$ cat protein.txt   # compact mmCIF, C-alpha atoms
# COMPACT_ATOMS: atom_id res chain seq x y z
CA MET E 17 -16.98 7.95 -0.07
CA ARG E 18 -14.48 8.60 2.73
CA ILE E 19 -13.07 5.93 4.99
CA THR E 20 -14.16 6.86 8.49
CA ALA E 21 -14.00 5.07 11.83
CA GLU E 22 -17.77 4.63 11.58
CA LEU E 23 -17.54 3.05 8.12
CA ILE E 24 -14.89 0.61 9.34
CA GLN E 25 -17.22 -0.38 12.18
CA GLN E 26 -20.29 -0.82 9.99
CA THR E 27 -18.94 -2.37 6.77
CA GLU E 28 -18.64 -6.11 6.14
CA HIS E 29 -16.17 -8.14 8.22
CA ARG E 30 -15.54 -11.75 7.23
CA MET E 31 -13.15 -14.69 7.20
CA ASN E 32 -11.56 -14.79 3.74
CA PRO E 33 -10.59 -18.01 1.89
CA LEU E 34 -7.15 -17.90 3.55
CA GLY E 35 -8.79 -17.92 6.99
CA GLU E 36 -7.88 -14.28 7.67
CA PHE E 37 -10.16 -11.79 9.42
CA GLU E 38 -10.90 -9.35 6.60
CA LEU E 39 -12.19 -5.79 6.38
CA VAL E 40 -14.22 -5.37 3.17
CA LEU E 41 -14.13 -1.89 1.63
CA ARG E 42 -14.67 -2.79 -2.01
CA GLU E 43 -16.78 -0.88 -4.56
CA LEU E 44 -17.38 2.16 -2.33
CA ASN E 45 -15.89 4.86 -4.61
CA ILE E 46 -13.11 5.45 -2.08
CA ALA E 47 -10.53 7.92 -3.40
CA GLU E 48 -8.12 8.06 -0.46
CA VAL E 49 -6.85 5.81 2.33
CA GLU E 50 -7.46 7.45 5.72
CA ASN E 51 -8.45 6.71 9.30
CA MET E 52 -7.13 3.14 9.10
CA GLY E 53 -5.98 3.21 12.70
CA ALA E 54 -9.44 1.82 13.44
CA ALA E 55 -8.56 -1.33 11.45
CA ARG E 56 -5.82 -2.68 13.71
CA THR E 57 -7.58 -5.97 14.49
CA PHE E 58 -7.88 -7.07 10.86
CA GLU E 59 -5.50 -9.46 9.10
CA SER E 60 -6.67 -8.64 5.59
CA ILE E 61 -8.00 -5.50 3.88
CA ASP E 62 -10.07 -5.53 0.68
CA LEU E 63 -10.00 -2.24 -1.27
CA VAL E 64 -10.88 -3.72 -4.67
CA SER E 65 -12.69 -1.60 -7.28
CA ASN E 66 -12.47 1.86 -5.77
CA LYS E 67 -10.98 5.13 -7.08
CA LEU E 68 -7.58 5.09 -5.41
CA THR E 69 -4.66 6.70 -7.24
CA LEU E 70 -2.26 6.44 -4.32
CA LEU E 71 -1.99 3.42 -2.03
CA SER E 72 -0.49 4.96 1.09
CA ASN E 73 -1.31 6.63 4.40
CA PHE E 74 -1.55 3.39 6.39
CA PRO E 75 -0.60 3.61 10.08
CA LYS E 76 1.32 0.72 11.59
CA LEU E 77 -0.90 -2.34 11.17
CA PRO E 78 1.20 -5.34 12.25
CA ASN E 79 -1.73 -7.76 11.98
CA VAL E 80 -2.28 -7.15 8.27
CA VAL E 81 -0.79 -9.92 6.11
CA SER E 82 -2.97 -9.53 3.00
CA LEU E 83 -4.02 -6.47 1.00
CA SER E 84 -6.19 -6.49 -2.14
CA ALA E 85 -6.40 -3.25 -4.13
CA ALA E 86 -7.06 -4.51 -7.66
CA ASN E 87 -9.12 -2.52 -10.15
CA ASN E 88 -8.26 0.96 -8.96
CA PHE E 89 -6.23 3.75 -10.59
CA ILE E 90 -3.14 3.36 -8.44
CA GLU E 91 0.10 4.88 -9.74
CA GLN E 92 2.10 5.13 -6.52
CA ILE E 93 2.43 2.98 -3.42
CA GLU E 94 3.88 3.37 0.08
CA LEU E 95 3.25 0.39 2.34
CA LYS E 96 6.17 0.52 4.77
CA ASN E 97 3.84 0.49 7.80
CA LEU E 98 2.36 -2.87 6.77
CA VAL E 99 5.39 -4.60 8.20
CA ASN E 100 4.05 -8.16 8.00
CA LEU E 101 2.44 -7.98 4.56
CA ARG E 102 2.73 -11.32 2.73
CA ASN E 103 0.05 -11.23 0.01
CA LEU E 104 -0.49 -8.20 -2.22
CA ASP E 105 -2.87 -7.91 -5.18
CA LEU E 106 -2.41 -4.75 -7.26
CA SER E 107 -3.82 -6.16 -10.50
CA TYR E 108 -5.28 -3.77 -13.08
CA ASN E 109 -3.94 -0.48 -11.82
CA ARG E 110 -1.69 2.16 -13.42
CA ILE E 111 1.71 1.45 -11.89
CA SER E 112 4.34 2.15 -14.53
CA MET E 113 7.58 2.74 -12.58
CA LEU E 114 9.90 0.00 -11.39
CA SER E 115 10.90 2.38 -8.58
CA GLU E 116 7.45 1.87 -7.03
CA LEU E 117 8.11 -1.88 -6.81
CA ALA E 118 11.46 -1.29 -5.14
CA LYS E 119 9.52 0.06 -2.13
CA LEU E 120 7.75 -3.23 -1.45
CA SER E 121 8.43 -5.28 1.67
CA ARG E 122 11.06 -7.98 1.48
CA LYS E 123 8.56 -10.25 3.25
CA ILE E 124 6.00 -10.43 0.43
CA GLU E 125 5.43 -13.97 -0.85
CA ILE E 126 2.56 -13.57 -3.33
CA LEU E 127 2.30 -10.53 -5.60
CA SER E 128 0.09 -9.73 -8.59
CA LEU E 129 0.66 -6.76 -10.88
CA ILE E 130 -1.20 -8.12 -13.90
CA GLY E 131 -2.72 -5.33 -15.99
CA ASN E 132 -0.23 -2.63 -14.88
CA PRO E 133 1.97 -0.85 -17.46
CA VAL E 134 5.07 -1.77 -15.44
CA THR E 135 4.69 -5.41 -16.47
CA ARG E 136 5.68 -4.36 -20.00
CA ARG E 137 8.99 -2.92 -18.85
CA GLN E 138 12.11 -4.77 -19.96
CA HIS E 139 13.37 -7.21 -17.29
CA TYR E 140 10.26 -6.57 -15.16
CA ARG E 141 10.03 -10.07 -13.69
CA LEU E 142 13.74 -10.41 -13.09
CA TYR E 143 13.83 -7.01 -11.40
CA VAL E 144 11.00 -7.91 -9.01
CA VAL E 145 12.46 -11.34 -8.26
CA SER E 146 15.80 -9.74 -7.46
CA LYS E 147 14.33 -7.04 -5.21
CA ILE E 148 11.97 -9.31 -3.24
CA PRO E 149 13.88 -12.51 -2.34
CA SER E 150 10.94 -13.84 -0.30
CA LEU E 151 8.65 -13.84 -3.34
CA LEU E 152 7.22 -17.25 -4.25
CA VAL E 153 4.56 -16.34 -6.82
CA LEU E 154 4.50 -13.36 -9.21
CA ASP E 155 1.44 -12.75 -11.40
CA PHE E 156 0.13 -16.24 -10.59
CA VAL E 157 3.34 -17.88 -11.86
CA LYS E 158 5.66 -19.66 -9.43
CA ILE E 159 9.23 -18.45 -9.27
CA GLY E 160 11.68 -21.27 -9.86
CA ALA E 161 15.39 -21.69 -9.18
CA LYS E 162 16.28 -20.94 -12.81
CA GLU E 163 14.44 -17.60 -12.78
CA ARG E 164 16.14 -16.64 -9.52
CA GLU E 165 19.52 -17.47 -11.03
CA ASN E 166 18.70 -15.41 -14.14
CA ALA E 167 17.74 -12.46 -11.92
CA LYS E 168 21.00 -12.73 -10.01
CA ARG E 169 22.99 -12.92 -13.24
CA LEU E 170 21.24 -9.88 -14.71
CA PHE E 171 21.89 -7.67 -11.70
CA ASN E 172 25.55 -8.62 -11.62
CA SER E 173 25.87 -7.42 -15.22
CA SER E 174 26.29 -4.01 -16.86
CA ALA E 175 22.67 -4.22 -18.08
CA GLY E 176 21.52 -4.66 -14.49
CA ALA E 177 23.60 -1.69 -13.35
CA ALA E 178 22.08 0.46 -16.10
CA LEU E 179 18.58 -0.63 -15.09
CA GLU E 180 19.26 0.26 -11.45
CA GLN E 181 20.42 3.72 -12.54
CA ASP E 182 17.13 4.20 -14.40
CA VAL E 183 15.18 3.18 -11.30
CA GLN E 184 17.12 5.62 -9.11
CA ALA E 185 16.34 8.40 -11.61
CA GLU E 186 12.64 7.50 -11.40
CA LYS E 187 12.71 7.82 -7.61
CA LYS E 188 13.89 11.42 -7.82
CA SER E 189 10.83 12.37 -9.87
CA VAL E 190 8.29 11.04 -7.36
CA LYS E 191 6.68 13.30 -4.73
CA THR E 192 6.91 12.16 -1.11
CA PHE E 193 3.52 11.67 0.54
CA ILE E 194 2.99 12.15 4.28
CA PRO E 195 0.87 9.73 6.37
CA GLY E 196 -2.07 11.57 7.93
CA GLU E 197 -1.72 14.39 5.42
CA SER E 198 -5.39 14.33 4.38
CA ILE E 199 -6.70 15.06 7.90
CA VAL E 200 -3.99 17.64 8.51
CA ASN E 201 -5.07 19.46 5.36
CA ARG E 202 -8.58 19.81 6.79
CA ALA E 203 -7.28 21.27 10.05
CA PRO E 204 -7.67 25.00 10.81
CA ALA E 205 -5.41 27.26 8.73
CA ASN E 206 -3.83 28.78 11.84
CA LEU E 207 -2.58 25.43 13.16
CA SER E 208 1.19 25.67 13.77
CA SER E 209 3.73 23.38 12.14
CA GLU E 210 4.43 21.84 15.55
CA ASP E 211 0.75 21.08 16.13
CA LYS E 212 0.45 19.60 12.63
CA ALA E 213 3.34 17.25 13.38
CA LYS E 214 1.66 16.21 16.65
CA LEU E 215 -1.60 15.60 14.78
CA GLN E 216 0.12 13.35 12.23
CA GLU E 217 1.76 11.35 15.01
CA ARG E 218 -1.49 10.90 16.91
CA ILE E 219 -3.33 9.74 13.79
CA ALA E 220 -0.63 7.16 13.06
CA ASN E 221 -0.66 5.85 16.64
CA ALA E 222 -4.43 5.81 17.23
CA LYS E 223 -5.49 2.45 18.65
CA SER E 224 -9.28 2.64 18.56
CA VAL E 225 -12.29 4.07 16.77
CA SER E 226 -13.08 6.39 19.70
CA GLU E 227 -9.53 7.74 19.76
CA ILE E 228 -9.68 8.67 16.06
CA GLU E 229 -13.03 10.39 16.58
CA ILE E 230 -11.58 12.41 19.48
CA ILE E 231 -8.63 13.49 17.34
CA GLN E 232 -10.92 14.59 14.51
CA ARG E 233 -13.14 16.64 16.86
CA GLU E 234 -10.17 18.21 18.62
CA PHE E 235 -8.18 19.30 15.57
CA VAL E 236 -10.61 19.36 12.66
CA GLY E 237 -14.05 19.64 14.17
CA ALA E 238 -16.97 17.27 13.76
CA ALA E 239 -17.37 16.45 10.06

$ encode --input "protein.txt" --output "structure tokens"
Amino acid sequence: MRITAELIQQTEHRMNPLGEFELVLRELNIAEVENMGAARTFESIDLVSNKLTLLSNFPKLPNVVSLSAANNFIEQIELKNLVNLRNLDLSYNRISMLSELAKLSRKIEILSLIGNPVTRRQHYRLYVVSKIPSLLVLDFVKIGAKERENAKRLFNSSAGAALEQDVQAEKKSVKTFIPGESIVNRAPANLSSEDKAKLQERIANAKSVSEIEIIQREFVGAA
């Protein structure tokens, strides 16, 4: 199933246990994040148990503080537009590279990566603690002063420098994904590069369901 403006309107909306206004998109066989400009009013997004391999393509959603995407097939993440994200659940996915974790916001306070291959990497916890100073809980375990000190000590050592070199090498092997790319790919073949860039910008800045629908009709045609 595709995420559309209509689906966002019609699916379940609720107050979650943290008291956040939540958009529920779980167990819908969703394979790609798209059209999320219509979700600007929500504080939490639930994408649990879908078919996502890439967690990306979010427009700027300053209200979103919690994101749940457990039980997918996610290997890569790009969440820079979720500027106020505090709680992130990526449990039971396929993230294996520490370089993916280096992308995460320095504002995140609660993070779960249980069930991902990356948790078996040497120095995994210390790396994450070092990279996300705001983090309070990792994999349901509180981060204490001793663990923070151990992380600092590691990354001031030759072992830490070697690990950072490995992470930088990983980054070079990862393809860059473009927000709005999925809709652009469905646009007419004769669309110019300039028009494609304008389309991507309009998708990212859409502020309402009706605006997204207008963009889709104008560039892609009614689908």

$ closest_residue --input "protein.txt" --among "E:Val144, E:Met17, E:Leu68, E:Val153" --to "E:Lys119" --atoms "only C-alpha atoms"
E:Val144

$ atom_distance --input "protein.txt" --atom1 "atom CA of E:Gln138" --atom2 "atom CA of E:Asp155"
15.8 Å

$ closest_residue --input "protein.txt" --among "E:Lys96, E:His139, E:His29, E:Lys67" --to "E:Ala178" --atoms "only C-alpha atoms"
E:His139

$ residues_around --input "protein.txt" --residues "stretch 120-127 of chain E" --least-positions-apart "4" --cutoff "12 Å" --atoms "all atoms listed in the file" --output "MDAnalysis selection string"
chainID E and resid 71:72 80:86 92:107 114:116 141 144:159

$ residues_around --input "protein.txt" --residues "E:Gln25" --least-positions-apart "2" --cutoff "10 Å" --atoms "only C-alpha atoms" --output "PyMOL selection string"
chain E and resi 20-23+27-29+39+54-55+225

$ residues_around --input "protein.txt" --residues "E:Leu41" --least-positions-apart "2" --cutoff "7 Å" --atoms "only C-alpha atoms" --output "mmCIF file with C-alpha atoms, in the frame of the given file"
data_model
loop_
_atom_site.group_PDB
_atom_site.id
_atom_site.type_symbol
_atom_site.label_atom_id
_atom_site.label_comp_id
_atom_site.auth_asym_id
_atom_site.auth_seq_id
_atom_site.Cartn_x
_atom_site.Cartn_y
_atom_site.Cartn_z
ATOM 1 C CA LEU E 39 -12.190 -5.790 6.380
ATOM 2 C CA GLU E 43 -16.780 -0.880 -4.560
ATOM 3 C CA LEU E 44 -17.380 2.160 -2.330
ATOM 4 C CA ASP E 62 -10.070 -5.530 0.680
ATOM 5 C CA LEU E 63 -10.000 -2.240 -1.270
#

$ residues_around --input "protein.txt" --residues "E:Glu36" --least-positions-apart "3" --cutoff "9 Å" --atoms "all atoms listed in the file" --output "mmCIF file with C-alpha atoms, keeping the file's coordinate frame"
data_model
loop_
_atom_site.group_PDB
_atom_site.id
_atom_site.type_symbol
_atom_site.label_atom_id
_atom_site.label_comp_id
_atom_site.auth_asym_id
_atom_site.auth_seq_id
_atom_site.Cartn_x
_atom_site.Cartn_y
_atom_site.Cartn_z
ATOM 1 C CA ARG E 30 -15.540 -11.750 7.230
ATOM 2 C CA MET E 31 -13.150 -14.690 7.200
ATOM 3 C CA ASN E 32 -11.560 -14.790 3.740
ATOM 4 C CA PRO E 33 -10.590 -18.010 1.890
ATOM 5 C CA PHE E 58 -7.880 -7.070 10.860
ATOM 6 C CA GLU E 59 -5.500 -9.460 9.100
ATOM 7 C CA SER E 60 -6.670 -8.640 5.590
ATOM 8 C CA VAL E 81 -0.790 -9.920 6.110
ATOM 9 C CA SER E 82 -2.970 -9.530 3.000
#

$ atom_distance --input "protein.txt" --atom1 "atom CA of E:Lys188" --atom2 "atom CA of E:Leu129"
22.7 Å

$ decode --input "protein.txt" --residues "stretch 110-146 of chain E" --atoms "C-alpha atoms" --output "PDB file, in the first residue's frame"
ATOM      1  CA  ARG E 110      18.354  -4.716   9.288  1.00  0.00           C
ATOM      2  CA  ILE E 111      20.624  -1.789  10.136  1.00  0.00           C
ATOM      3  CA  SER E 112      24.202  -3.047  10.112  1.00  0.00           C
ATOM      4  CA  MET E 113      26.354   0.071   9.613  1.00  0.00           C
ATOM      5  CA  LEU E 114      27.468   2.383  12.388  1.00  0.00           C
ATOM      6  CA  SER E 115      27.550   5.140   9.762  1.00  0.00           C
ATOM      7  CA  GLU E 116      23.741   5.049   9.663  1.00  0.00           C
ATOM      8  CA  LEU E 117      23.624   5.836  13.386  1.00  0.00           C
ATOM      9  CA  ALA E 118      25.999   8.764  12.937  1.00  0.00           C
ATOM     10  CA  LYS E 119      23.203  10.486  10.966  1.00  0.00           C
ATOM     11  CA  LEU E 120      20.809  10.576  13.911  1.00  0.00           C
ATOM     12  CA  SER E 121      19.760  13.829  15.555  1.00  0.00           C
ATOM     13  CA  ARG E 122      21.756  15.039  18.522  1.00  0.00           C
ATOM     14  CA  LYS E 123      18.405  15.710  20.235  1.00  0.00           C
ATOM     15  CA  ILE E 124      17.295  12.074  20.528  1.00  0.00           C
ATOM     16  CA  GLU E 125      16.757  10.961  24.130  1.00  0.00           C
ATOM     17  CA  ILE E 126      15.325   7.451  23.776  1.00  0.00           C
ATOM     18  CA  LEU E 127      16.551   5.056  21.085  1.00  0.00           C
ATOM     19  CA  SER E 128      15.978   1.346  20.491  1.00  0.00           C
ATOM     20  CA  LEU E 129      17.935  -0.688  17.950  1.00  0.00           C
ATOM     21  CA  ILE E 130      17.337  -4.098  19.518  1.00  0.00           C
ATOM     22  CA  GLY E 131      17.323  -6.859  16.910  1.00  0.00           C
ATOM     23  CA  ASN E 132      19.504  -4.998  14.369  1.00  0.00           C
ATOM     24  CA  PRO E 133      22.855  -6.475  13.226  1.00  0.00           C
ATOM     25  CA  VAL E 134      24.605  -3.224  14.179  1.00  0.00           C
ATOM     26  CA  THR E 135      24.119  -4.017  17.866  1.00  0.00           C
ATOM     27  CA  ARG E 136      26.667  -6.824  17.455  1.00  0.00           C
ATOM     28  CA  ARG E 137      29.360  -4.450  16.237  1.00  0.00           C
ATOM     29  CA  GLN E 138      32.310  -3.921  18.555  1.00  0.00           C
ATOM     30  CA  HIS E 139      31.906  -0.778  20.706  1.00  0.00           C
ATOM     31  CA  TYR E 140      28.332  -0.302  19.433  1.00  0.00           C
ATOM     32  CA  ARG E 141      26.939   1.201  22.640  1.00  0.00           C
ATOM     33  CA  LEU E 142      29.940   3.402  23.295  1.00  0.00           C
ATOM     34  CA  TYR E 143      29.848   4.675  19.721  1.00  0.00           C
ATOM     35  CA  VAL E 144      26.167   5.637  19.952  1.00  0.00           C
ATOM     36  CA  VAL E 145      26.589   7.226  23.382  1.00  0.00           C
ATOM     37  CA  SER E 146      29.492   9.281  22.053  1.00  0.00           C
TER      38      SER E 146
END
